[in-house]
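Here's my_file28.pdb, which has PDB, C-alpha atoms:
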```pdb
ATOM      1  CA  MET A  18     109.467 165.819  68.519
ATOM      2  CA  THR A  19     106.626 166.697  70.879
ATOM      3  CA  ASP A  20     106.769 169.244  73.679
ATOM      4  CA  ALA A  21     106.419 166.446  76.216
ATOM      5  CA  HIS A  22     109.365 164.603  74.688
ATOM      6  CA  THR A  23     111.513 167.738  74.796
ATOM      7  CA  GLN A  24     110.496 168.462  78.370
ATOM      8  CA  ILE A  25     111.264 164.878  79.479
ATOM      9  CA  ASP A  26     114.557 164.912  77.635
ATOM     10  CA  GLU A  27     115.622 168.138  79.344
ATOM     11  CA  THR A  28     114.568 166.814  82.753
ATOM     12  CA  VAL A  29     116.496 163.541  82.524
ATOM     13  CA  LYS A  30     119.564 165.274  81.122
ATOM     14  CA  SER A  31     119.696 168.096  83.645
ATOM     15  CA  ASN A  32     119.232 165.943  86.773
ATOM     16  CA  ASP A  33     121.548 163.098  87.775
ATOM     17  CA  VAL A  34     118.719 161.012  89.179
ATOM     18  CA  VAL A  35     115.078 161.400  88.141
ATOM     19  CA  LEU A  36     112.053 159.364  89.146
ATOM     20  CA  PHE A  37     108.873 159.637  87.088
ATOM     21  CA  MET A  38     106.191 158.547  89.511
ATOM     22  CA  LYS A  39     102.562 158.724  90.499
ATOM     23  CA  GLY A  40     102.449 161.344  93.223
ATOM     24  CA  THR A  41     105.513 162.978  94.734
ATOM     25  CA  LYS A  42     108.427 161.638  96.747
ATOM     26  CA  SER A  43     106.861 162.995  99.912
ATOM     27  CA  MET A  44     103.365 161.822  98.967
ATOM     28  CA  PRO A  45     103.423 158.885  96.552
ATOM     29  CA  GLN A  46     100.036 157.829  95.185
ATOM     30  CA  CYS A  47     100.782 154.310  94.036
ATOM     31  CA  GLY A  48     102.408 151.376  95.811
ATOM     32  CA  PHE A  49     104.996 150.812  93.094
ATOM     33  CA  SER A  50     106.028 154.460  92.943
ATOM     34  CA  SER A  51     106.059 154.545  96.717
ATOM     35  CA  ARG A  52     108.441 151.590  96.908
ATOM     36  CA  VAL A  53     111.040 153.105  94.569
ATOM     37  CA  ALA A  54     110.804 156.590  96.091
ATOM     38  CA  GLY A  55     111.089 154.955  99.521
ATOM     39  CA  VAL A  56     114.297 153.147  98.563
ATOM     40  CA  LEU A  57     115.871 156.323  97.155
ATOM     41  CA  ASN A  58     114.791 158.392 100.162
ATOM     42  CA  TYR A  59     116.090 155.778 102.576
ATOM     43  CA  MET A  60     119.397 155.584 100.723
ATOM     44  CA  GLY A  61     119.677 159.354 100.943
ATOM     45  CA  VAL A  62     119.817 159.837  97.186
ATOM     46  CA  ASP A  63     119.223 163.368  95.953
ATOM     47  CA  PHE A  64     116.696 162.876  93.159
ATOM     48  CA  ALA A  65     114.198 164.877  91.154
ATOM     49  CA  ASP A  66     110.634 163.571  91.204
ATOM     50  CA  VAL A  67     108.160 164.157  88.381
ATOM     51  CA  ASN A  68     104.511 163.524  89.214
ATOM     52  CA  VAL A  69     102.969 162.111  86.030
ATOM     53  CA  LEU A  70      99.481 162.451  87.490
ATOM     54  CA  ALA A  71      99.898 166.213  87.290
ATOM     55  CA  ASP A  72     100.358 166.227  83.514
ATOM     56  CA  ASP A  73      98.679 163.881  81.024
ATOM     57  CA  ALA A  74     101.145 164.728  78.261
ATOM     58  CA  ILE A  75     104.055 163.679  80.475
ATOM     59  CA  ARG A  76     102.169 160.608  81.701
ATOM     60  CA  GLN A  77     101.825 159.344  78.122
ATOM     61  CA  GLY A  78     105.073 160.880  76.909
ATOM     62  CA  ILE A  79     107.262 159.085  79.418
ATOM     63  CA  LYS A  80     105.892 155.724  78.233
ATOM     64  CA  ASP A  81     106.866 156.575  74.660
ATOM     65  CA  TYR A  82     110.199 158.132  75.647
ATOM     66  CA  SER A  83     111.722 154.849  76.800
ATOM     67  CA  ASP A  84     109.281 152.471  75.147
ATOM     68  CA  TRP A  85     108.281 151.348  78.635
ATOM     69  CA  PRO A  86     104.574 151.007  79.417
ATOM     70  CA  THR A  87     104.567 151.439  83.182
ATOM     71  CA  ILE A  88     105.336 153.936  85.924
ATOM     72  CA  PRO A  89     107.512 154.458  87.978
ATOM     73  CA  GLN A  90     110.576 154.900  85.779
ATOM     74  CA  LEU A  91     114.034 155.687  87.123
ATOM     75  CA  TYR A  92     116.702 157.539  85.134
ATOM     76  CA  VAL A  93     120.336 157.969  86.131
ATOM     77  CA  LYS A  94     122.512 160.371  84.113
ATOM     78  CA  GLY A  95     119.959 160.426  81.331
ATOM     79  CA  GLU A  96     119.774 156.639  81.027
ATOM     80  CA  PHE A  97     116.636 154.630  81.736
ATOM     81  CA  VAL A  98     117.366 152.114  84.520
ATOM     82  CA  GLY A  99     114.046 150.395  85.069
ATOM     83  CA  GLY A 100     110.725 150.263  86.859
ATOM     84  CA  CYS A 101     109.740 149.017  90.291
ATOM     85  CA  ASP A 102     110.647 145.330  89.848
ATOM     86  CA  ILE A 103     114.041 146.086  88.344
ATOM     87  CA  ILE A 104     114.948 148.702  90.946
ATOM     88  CA  THR A 105     113.913 146.337  93.725
ATOM     89  CA  GLU A 106     116.047 143.530  92.266
ATOM     90  CA  MET A 107     119.005 145.868  91.743
ATOM     91  CA  THR A 108     118.730 147.208  95.290
ATOM     92  CA  LEU A 109     118.816 143.726  96.758
ATOM     93  CA  SER A 110     121.628 142.491  94.492
ATOM     94  CA  GLY A 111     123.817 145.560  95.082
ATOM     95  CA  GLU A 112     123.736 146.502  91.385
ATOM     96  CA  LEU A 113     122.065 149.795  92.252
ATOM     97  CA  ASP A 114     125.014 150.678  94.529
ATOM     98  CA  THR A 115     127.373 149.941  91.649
ATOM     99  CA  LEU A 116     125.310 152.023  89.253
ATOM    100  CA  PHE A 117     125.377 154.984  91.646
ATOM    101  CA  GLU A 118     129.111 154.592  92.260
ATOM    102  CA  THR A 119     129.878 154.358  88.533
ATOM    103  CA  ASN A 120     127.889 157.527  87.916
ATOM    104  CA  GLY A 121     129.186 159.492  90.880
ATOM    105  CA  VAL A 122     125.805 159.594  92.617
ATOM    106  CA  THR A 123     126.084 160.026  96.389
ATOM    107  CA  TYR A 124     124.158 157.506  98.493
ATOM    108  CA  ASP A 125     124.267 155.964 101.936
ATOM    109  CA  LYS A 126     125.894 152.544 101.635
ATOM    110  CA  ASP A 127     124.935 151.603 105.214
ATOM    111  CA  ALA A 128     121.282 152.273 104.445
ATOM    112  CA  ALA A 129     121.521 150.073 101.353
ATOM    113  CA  GLU A 130     123.060 147.300 103.461
ATOM    114  CA  LYS A 131     120.223 147.649 105.975
ATOM    115  CA  ILE A 132     117.649 147.183 103.221
ATOM    116  CA  ARG A 133     119.467 144.051 102.077
ATOM    117  CA  ALA A 134     119.775 142.709 105.624
ATOM    118  CA  ALA A 135     116.070 143.266 106.224
ATOM    119  CA  ASN A 136     115.174 141.401 103.023
ATOM    120  CA  ALA A 137     117.689 138.580 103.269
TER     121      ALA A 137
ATOM    122  CA  MET B   6      88.878 134.661  78.461
ATOM    123  CA  LEU B   7      90.280 135.640  81.837
ATOM    124  CA  VAL B   8      93.113 138.127  81.557
ATOM    125  CA  SER B   9      95.395 135.797  83.505
ATOM    126  CA  ALA B  10      94.719 133.026  80.971
ATOM    127  CA  GLU B  11      95.421 135.450  78.145
ATOM    128  CA  ILE B  12      98.755 136.442  79.713
ATOM    129  CA  ARG B  13      99.669 132.796  80.215
ATOM    130  CA  GLU B  14      98.760 131.861  76.642
ATOM    131  CA  LYS B  15     100.838 134.668  75.125
ATOM    132  CA  LEU B  16     103.899 133.983  77.268
ATOM    133  CA  ASP B  17     103.672 130.234  76.673
ATOM    134  CA  ALA B  18     103.522 130.785  72.939
ATOM    135  CA  ARG B  19     106.390 133.243  72.846
ATOM    136  CA  PHE B  20     108.872 131.829  75.383
ATOM    137  CA  SER B  21     107.987 128.151  75.966
ATOM    138  CA  PRO B  22     108.911 128.791  79.606
ATOM    139  CA  ARG B  23     110.233 126.116  81.932
ATOM    140  CA  GLU B  24     108.260 127.684  84.776
ATOM    141  CA  LEU B  25     105.389 130.106  84.517
ATOM    142  CA  GLU B  26     103.135 131.470  87.216
ATOM    143  CA  VAL B  27     100.511 134.112  86.553
ATOM    144  CA  ILE B  28      98.872 135.330  89.723
ATOM    145  CA  ASP B  29      95.885 137.658  89.842
ATOM    146  CA  GLU B  30      96.573 139.871  92.854
ATOM    147  CA  SER B  31      93.667 142.207  92.198
ATOM    148  CA  GLU B  32      91.862 141.322  95.405
ATOM    149  CA  GLN B  33      94.813 142.666  97.386
ATOM    150  CA  HIS B  34      94.170 146.050  95.835
ATOM    151  CA  ILE B  35      90.495 146.573  96.646
ATOM    152  CA  GLY B  36      89.985 150.275  97.211
ATOM    153  CA  HIS B  37      93.281 151.247  95.601
ATOM    154  CA  ALA B  38      93.670 153.109  92.330
ATOM    155  CA  GLY B  39      93.063 150.880  89.354
ATOM    156  CA  TYR B  40      90.962 148.289  91.160
ATOM    157  CA  GLN B  41      87.916 147.273  89.213
ATOM    158  CA  GLU B  42      84.969 145.096  90.166
ATOM    159  CA  GLY B  43      85.741 141.447  89.483
ATOM    160  CA  GLY B  44      89.505 141.913  89.676
ATOM    161  CA  GLN B  45      91.522 141.261  86.499
ATOM    162  CA  SER B  46      93.577 144.387  87.110
ATOM    163  CA  HIS B  47      96.728 143.531  89.075
ATOM    164  CA  PHE B  48      98.962 140.650  88.063
ATOM    165  CA  ARG B  49     102.232 139.087  89.107
ATOM    166  CA  VAL B  50     104.174 136.945  86.660
ATOM    167  CA  ARG B  51     107.058 134.667  87.573
ATOM    168  CA  MET B  52     108.706 133.133  84.535
ATOM    169  CA  ARG B  53     111.845 131.092  83.965
ATOM    170  CA  ALA B  54     112.730 130.641  80.300
ATOM    171  CA  GLU B  55     115.912 129.839  78.388
ATOM    172  CA  GLU B  56     114.902 132.472  75.863
ATOM    173  CA  LEU B  57     115.707 135.179  78.403
ATOM    174  CA  ASP B  58     119.303 134.041  78.758
ATOM    175  CA  GLY B  59     121.843 136.731  77.976
ATOM    176  CA  LEU B  60     119.329 139.578  78.093
ATOM    177  CA  SER B  61     119.636 142.531  80.471
ATOM    178  CA  ARG B  62     116.888 143.088  83.030
ATOM    179  CA  VAL B  63     115.395 145.857  80.929
ATOM    180  CA  ALA B  64     115.546 143.696  77.781
ATOM    181  CA  ARG B  65     113.780 140.828  79.582
ATOM    182  CA  HIS B  66     110.968 143.077  80.652
ATOM    183  CA  ARG B  67     110.716 144.576  77.167
ATOM    184  CA  ALA B  68     110.492 141.085  75.639
ATOM    185  CA  VAL B  69     107.558 140.309  77.932
ATOM    186  CA  HIS B  70     105.881 143.648  77.190
ATOM    187  CA  ASP B  71     106.254 142.903  73.458
ATOM    188  CA  ALA B  72     104.851 139.392  73.806
ATOM    189  CA  LEU B  73     101.783 140.667  75.676
ATOM    190  CA  GLY B  74     101.225 143.571  73.292
ATOM    191  CA  PRO B  75     100.044 147.114  73.946
ATOM    192  CA  ASP B  76      96.353 146.199  73.948
ATOM    193  CA  LEU B  77      96.645 143.734  76.816
ATOM    194  CA  ILE B  78      99.145 145.919  78.703
ATOM    195  CA  GLY B  79      96.756 148.838  78.318
ATOM    196  CA  ARG B  80      93.900 146.910  79.903
ATOM    197  CA  ILE B  81      95.641 145.966  83.124
ATOM    198  CA  HIS B  82      96.591 148.326  85.906
ATOM    199  CA  ALA B  83      99.687 146.628  87.267
ATOM    200  CA  LEU B  84     102.054 143.915  86.147
ATOM    201  CA  ALA B  85     104.857 142.815  88.443
ATOM    202  CA  LEU B  86     107.500 140.739  86.661
ATOM    203  CA  ASP B  87     109.973 138.294  88.146
ATOM    204  CA  LEU B  88     112.010 137.081  85.164
ATOM    205  CA  ALA B  89     115.073 134.913  84.806
ATOM    206  CA  ALA B  90     116.600 132.479  82.357
TER     207      ALA B  90
END
```
Full structure transcribed into structure tokens:
Amino acid sequence: MTDAHTQIDETVKSNDVVLFMKGTKSMPQCGFSSRVAGVLNYMGVDFADVNVLADDAIRQGIKDYSDWPTIPQLYVKGEFVGGCDIITEMTLSGELDTLFETNGVTYDKDAAEKIRAANA
Amino acid sequence: MLVSAEIREKLDARFSPRELEVIDESEQHIGHAGYQEGGQSHFRVRMRAEELDGLSRVARHRAVHDALGPDLIGRIHALALDLAA
């Protein structure tokens, strides 16, 4: 097991919600990362952000960790949830609300409803 | 071969989709990270295929990643997927 793998494993297991992204939640550097971070911020979710651009080993390692070739990647309670397309679909369908509720993650339901209303 | 044609060929062969759209959106990303001269960097795929029935969202995406292969995935900057059975 590589150092990057161990580091990623510890990060996703010690934080309820983790987003591996390009840039940071306050300054995303890619449209796809920005969209997912924006949804989580808007929904008031407390999440850890990992900037893969700051560490090449993590940037490659996270792709191997979940056998998923793209970034961003969202993890909830240690489980890989998906990338930008999947999170967008789950936000609009309400599945993301359910996932948060099932895992005891606090979020603003009204904000989620506003996103859905704006995209209906 | 254009990358979009390559994507289309691989998905056609693997899934025999009922509907398949491969859109090169590279021109919308001029000046952004990953843009390269001549485009061929940012793609959007919309596919409807029976083969995807019963698979989770993550499994659908993984099936498409597998069909395209790491070489092709490695050459493009962005791939947005809209997948359903």
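Counting only C-alpha atoms and comparing A:Asp102, A:Asn120, A:Lys80, A:Gly48, the residue that lies closest to B:Gln33 is A:Gly48.
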Pick out the chain A residues within 10 Å of chain B. Count only C-alpha atoms. Give them as a PyMOL selection string. chain A and resi 46-49+84-88+97-104+106-107
Residues near B:Leu7, anyone? I mean within 10 Å using all atoms listed in the file, not counting same-chain ones fewer than 5 positions away, as a list of chain:residue names. B:Ile12, B:Arg13, B:Asp29, B:Gln45
Could the residues in this selection be written to a file with C-alpha atoms, as a compact mmCIF listing (two decimals), keeping the file's coordinate frame?
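This went into part_34.txt:
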```txt
# COMPACT_ATOMS: atom_id res chain seq x y z
CA ILE B 12 98.76 136.44 79.71
CA ARG B 13 99.67 132.80 80.22
CA ASP B 29 95.88 137.66 89.84
CA GLN B 45 91.52 141.26 86.50
```
Between A:Asn136, A:Asn32, A:Gln24, A:Ser50, which has the minimum distance to A:Thr108 (counting only C-alpha atoms)?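 Using only C-alpha atoms, A:Thr108 sits closest to A:Asn136.
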Identify which of the residues A:His22, A:Lys94, A:Lys30, A:Lys131 lies closest to A:Val56, counting all atoms listed in the file when measuring atom-to-atom distances.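 Looking only at the distances to A:Val56, the closest residue turns out to be A:Lys131.
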d(atom CA of A:Gly55, atom CA of A:Tyr124) in Å: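 These two atoms are separated by 13.4 Å.
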Using all atoms listed in the file, which residue out of A:Asp66, A:Glu96, A:Asp26, A:Asp73 lies closest to A:Thr41?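 Closest to A:Thr41 of all the choices is A:Asp66.
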For A:Phe64: contacts at 12 Å, only C-alpha atoms, fewer than 4 positions along chain excluded, given as an MDAnalysis selection string: chainID A and resid 28:29 31:38 41:43 53:60 91:94 117 122:124
Stretch 19-23 of chain B environment, 12 Å, only C-alpha atoms, sequence neighbours closer than 3 positions dropped, as a list in words: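 My list of contacting residues is Ile12, Arg13, Glu14, Lys15, Leu16, Glu26, Val50, Arg51, Met52, Arg53, Ala54, Glu55, Glu56, Leu57, Asp58, Arg65, Ala68, Val69, His70, Asp71, Ala72, Leu73, Gly74, Leu88, Ala89 and Ala90 of chain B.
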Mind giving me the straight-line distance from atom CA of B:Ser9 to atom CA of B:Arg80 in Å, one decimal?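 Those two atoms sit 11.8 Å apart.
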Expressed in Å to a single decimal, how great is the separation between atom CA of A:Ser83 and atom CA of B:Ser61?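 Rounded to one decimal, the two atoms are 15.1 Å apart.
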Take stretch 7-29 of chain B, bring it up to N, CA, C and O atoms, and give me the output as a short mmCIF file (atom, residue, chain, number, x, y, z; two decimals), keeping the file's coordinate frame.
```cif
data_model
loop_
_atom_site.label_atom_id
_atom_site.label_comp_id
_atom_site.auth_asym_id
_atom_site.auth_seq_id
_atom_site.Cartn_x
_atom_site.Cartn_y
_atom_site.Cartn_z
N LEU B 7 89.71 134.89 80.72
CA LEU B 7 90.28 135.64 81.84
C LEU B 7 91.60 136.27 81.40
O LEU B 7 92.34 135.68 80.61
N VAL B 8 91.88 137.44 81.92
CA VAL B 8 93.11 138.13 81.56
C VAL B 8 94.33 137.27 81.93
O VAL B 8 95.29 137.18 81.17
N SER B 9 94.26 136.62 83.08
CA SER B 9 95.40 135.80 83.50
C SER B 9 95.65 134.67 82.51
O SER B 9 96.79 134.34 82.20
N ALA B 10 94.58 134.10 81.96
CA ALA B 10 94.72 133.03 80.97
C ALA B 10 95.32 133.58 79.68
O ALA B 10 96.13 132.92 79.01
N GLU B 11 94.91 134.80 79.35
CA GLU B 11 95.42 135.45 78.14
C GLU B 11 96.93 135.72 78.28
O GLU B 11 97.70 135.50 77.35
N ILE B 12 97.33 136.18 79.46
CA ILE B 12 98.76 136.44 79.71
C ILE B 12 99.53 135.13 79.59
O ILE B 12 100.55 135.05 78.90
N ARG B 13 99.01 134.10 80.22
CA ARG B 13 99.67 132.80 80.22
C ARG B 13 99.82 132.27 78.78
O ARG B 13 100.90 131.80 78.39
N GLU B 14 98.76 132.37 78.02
CA GLU B 14 98.76 131.86 76.64
C GLU B 14 99.83 132.57 75.80
O GLU B 14 100.59 131.95 75.07
N LYS B 15 99.88 133.89 75.93
CA LYS B 15 100.84 134.67 75.12
C LYS B 15 102.28 134.37 75.53
O LYS B 15 103.16 134.28 74.67
N LEU B 16 102.52 134.24 76.82
CA LEU B 16 103.90 133.98 77.27
C LEU B 16 104.33 132.56 76.92
O LEU B 16 105.47 132.32 76.52
N ASP B 17 103.39 131.62 77.05
CA ASP B 17 103.67 130.23 76.67
C ASP B 17 104.07 130.15 75.21
O ASP B 17 105.04 129.50 74.83
N ALA B 18 103.29 130.84 74.39
CA ALA B 18 103.52 130.78 72.94
C ALA B 18 104.86 131.41 72.56
O ALA B 18 105.59 130.90 71.71
N ARG B 19 105.20 132.50 73.24
CA ARG B 19 106.39 133.24 72.85
C ARG B 19 107.68 132.66 73.43
O ARG B 19 108.72 132.64 72.79
N PHE B 20 107.63 132.19 74.69
CA PHE B 20 108.87 131.83 75.38
C PHE B 20 109.02 130.33 75.69
O PHE B 20 110.09 129.92 76.12
N SER B 21 107.96 129.55 75.53
CA SER B 21 107.99 128.15 75.97
C SER B 21 108.69 128.04 77.32
O SER B 21 109.70 127.33 77.45
N PRO B 22 108.20 128.73 78.32
CA PRO B 22 108.91 128.79 79.61
C PRO B 22 108.98 127.45 80.32
O PRO B 22 108.10 126.60 80.16
N ARG B 23 110.03 127.31 81.11
CA ARG B 23 110.23 126.12 81.93
C ARG B 23 109.32 126.21 83.16
O ARG B 23 108.81 125.23 83.64
N GLU B 24 109.18 127.43 83.66
CA GLU B 24 108.26 127.68 84.78
C GLU B 24 107.49 128.95 84.46
O GLU B 24 108.07 129.92 83.98
N LEU B 25 106.20 128.90 84.74
CA LEU B 25 105.39 130.11 84.52
C LEU B 25 104.25 130.16 85.53
O LEU B 25 103.46 129.22 85.64
N GLU B 26 104.23 131.24 86.28
CA GLU B 26 103.14 131.47 87.22
C GLU B 26 102.51 132.81 86.89
O GLU B 26 103.23 133.81 86.75
N VAL B 27 101.22 132.84 86.74
CA VAL B 27 100.51 134.11 86.55
C VAL B 27 99.50 134.22 87.67
O VAL B 27 98.58 133.41 87.78
N ILE B 28 99.72 135.19 88.53
CA ILE B 28 98.87 135.33 89.72
C ILE B 28 98.06 136.62 89.64
O ILE B 28 98.62 137.69 89.41
N ASP B 29 96.76 136.48 89.81
CA ASP B 29 95.88 137.66 89.84
C ASP B 29 95.85 138.17 91.28
O ASP B 29 95.31 137.52 92.17
#
```
